[in-house]
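Colleague: Mind looking over this structure? Questions follow.
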Amino acid sequence: MQVLKIDSQVKAFIRLEDGANVGLIQAEAGMLLIDTASSPADIRGLLSAVDARPEQVNQVVNTHFHTDHTWGNQLFDCPILAHRLCLERMRLSLQDEWSVAELHAYVTELEKTNPQKAEELRLLLQELRIKLPNQVFEQKAEAEIGILNYMVIHMGGHTPDSAIVWLPERGILFAADLIFQGRYPYLFDANIPDWIAALQRLIEYQAQVIIPGHGVRCSDADIAHLKNYLQETWDRAREHIRQGHTIEETVIDAAFPIFAPGKYEKLHQANIRYIYEQIASPPLGE
């Protein structure tokens, strides 16, 4: 983990091997935390690295519902802000894949293939109390911490609830999982056309500093690289479907773009499958 000091008030925890990046804004009026990592232990460790404590945080933002952005929420008694769809999806998950029964069933299955990871997850679940956001917004929420203004803006794409945090006066963008830098993106809750459109919007921000959800500090070139990967994969999969090719014939096409060799490359064919299926069976309303 690297603590990236962006300026005197804004930091990013860059976690290449440990999970999603986290943002922290420190002002005399308090602290704003952008995402809460995968567990209470994770977020405690990050805060302690900058001599901060959970009780000093007076605002949390969850950029979307995925576990590596929300499962540290329980440490905080302050307002936790998220898009309305984030709250809805977290509530549904508690009845389904995040239920006690489902989580323990998953651990039992994981023990067969990865006992070490299974034990780590078992220990996490012993202290985990999933806490939901208690503030929601629709399109945009604007606020300030001290003299620093920030906006939380709904984008969609990576997930229906995906949001960014934008500091307009400083040109700092916390893009969350709309940007994966240096590793294959995770697509499996995504609407790909919406994601492509969201990436184009991010380029138009002309941000001076861009912190991705996964990867190191990046630039508009990284946004364009991801946008092109998604668009080219979408277009090529659509052409295979037009020609009547099966999904198995499609995924072995070597002409599909390579996003990040060696970094979660197992997602190469998995992402093609997901995009093929989304084109063949679009979500309701499309």
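Residue numbering restarts at 1 for every chain of the structure tokens, chains are lettered A, B, ... in their displayed order, and ligands are numbered from 1 as they appear.
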Could you pull out the residues in region 30-222 of chain A that DSSP calls strand (DSSP E) from the backbone, as a PyMOL selection string?

Modeller: chain A and resi 30-34+57-61+80-83+135-137+140-145+148-154+163-167+172-180+209-214

Colleague: Would you list, as an MDAnalysis selection string, the residues of region 90-179 of chain A that end up in alpha helix (DSSP H) under DSSP run on this structure's backbone?

Modeller: chainID A and resid 90:95 100:113 115:127

Colleague: Can you tell me which residues surround Ala29 (chain A) at a distance of at most 9 Å, considering only C-alpha atoms, apart from same-chain residues fewer than 3 positions away, and format the answer as a short mmCIF file (atom, residue, chain, number, x, y, z; two decimals) with N, CA, C and O atoms, in the first residue's frame?

Modeller:
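Wrote out-v5.cif, looks like this:
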```
data_model
loop_
_atom_site.label_atom_id
_atom_site.label_comp_id
_atom_site.auth_asym_id
_atom_site.auth_seq_id
_atom_site.Cartn_x
_atom_site.Cartn_y
_atom_site.Cartn_z
N GLN A 26 -8.57 15.59 4.49
CA GLN A 26 -8.40 16.02 5.88
C GLN A 26 -8.44 17.54 5.94
O GLN A 26 -7.67 18.22 5.28
N ASN A 58 -15.98 12.53 9.54
CA ASN A 58 -17.35 13.00 9.72
C ASN A 58 -18.20 12.91 8.46
O ASN A 58 -19.35 13.36 8.45
N ILE A 145 -16.07 20.53 2.93
CA ILE A 145 -15.42 20.16 4.18
C ILE A 145 -14.35 21.21 4.42
O ILE A 145 -13.40 21.34 3.67
N GLY A 146 -14.57 22.04 5.42
CA GLY A 146 -13.73 23.21 5.59
C GLY A 146 -13.97 24.16 4.42
O GLY A 146 -15.10 24.47 4.07
N ILE A 147 -12.89 24.55 3.76
CA ILE A 147 -13.01 25.44 2.61
C ILE A 147 -12.94 24.67 1.29
O ILE A 147 -12.91 25.26 0.22
#
```

Colleague: Report as JSON, numbers by chain all protein, DNA and RNA residues lying within 12 Å of Asp51 (chain A), evaluated on only C-alpha atoms, omitting residues in the same chain fewer than 6 positions from it.

Modeller: {"A": [3, 26, 44, 45]}

Colleague: Could you write out that same residue set with all heavy atoms as a tab-separated table (two decimals), in the first residue's frame?

Modeller:
```tsv
chain	number	residue	atom	x	y	z
A	3	VAL	N	0.72	5.52	0.35
A	3	VAL	CA	-0.05	6.72	0.65
A	3	VAL	C	0.42	7.80	-0.31
A	3	VAL	O	1.56	8.25	-0.24
A	3	VAL	CB	0.14	7.17	2.11
A	3	VAL	CG1	-0.69	8.43	2.37
A	3	VAL	CG2	-0.26	6.07	3.08
A	26	GLN	N	-8.57	15.59	4.49
A	26	GLN	CA	-8.40	16.02	5.88
A	26	GLN	C	-8.44	17.54	5.94
A	26	GLN	O	-7.67	18.22	5.28
A	26	GLN	CB	-7.07	15.52	6.42
A	26	GLN	CG	-6.98	14.00	6.51
A	26	GLN	CD	-5.60	13.53	6.90
A	26	GLN	OE1	-4.66	13.62	6.10
A	26	GLN	NE2	-5.46	13.01	8.11
A	44	ARG	N	-9.11	0.31	9.18
A	44	ARG	CA	-8.35	0.72	10.37
A	44	ARG	C	-6.88	0.89	10.02
A	44	ARG	O	-6.22	1.85	10.43
A	44	ARG	CB	-8.48	-0.33	11.48
A	44	ARG	CG	-9.76	-0.30	12.27
A	44	ARG	CD	-9.63	-1.16	13.52
A	44	ARG	NE	-10.92	-1.57	14.05
A	44	ARG	CZ	-11.47	-2.75	13.85
A	44	ARG	NH1	-10.84	-3.67	13.12
A	44	ARG	NH2	-12.65	-3.05	14.35
A	45	GLY	N	-6.34	-0.08	9.28
A	45	GLY	CA	-4.94	-0.02	8.91
A	45	GLY	C	-4.60	1.18	8.05
A	45	GLY	O	-3.56	1.82	8.24
```

Colleague: Extract, using only C-alpha atoms, all DNA, RNA and protein residues at most 7 Å from region 128-143 of chain A, discarding same-chain residues fewer than 4 positions from it, and format them as a list in words.

Modeller: Trp71, Asn73, Gln74, Pro79, Ile80, Leu81, Ala82, His83, Arg84, Leu87, Met90, Leu124, Asn149, Tyr150, Met151, Val152, Ile153 and His154 of chain A
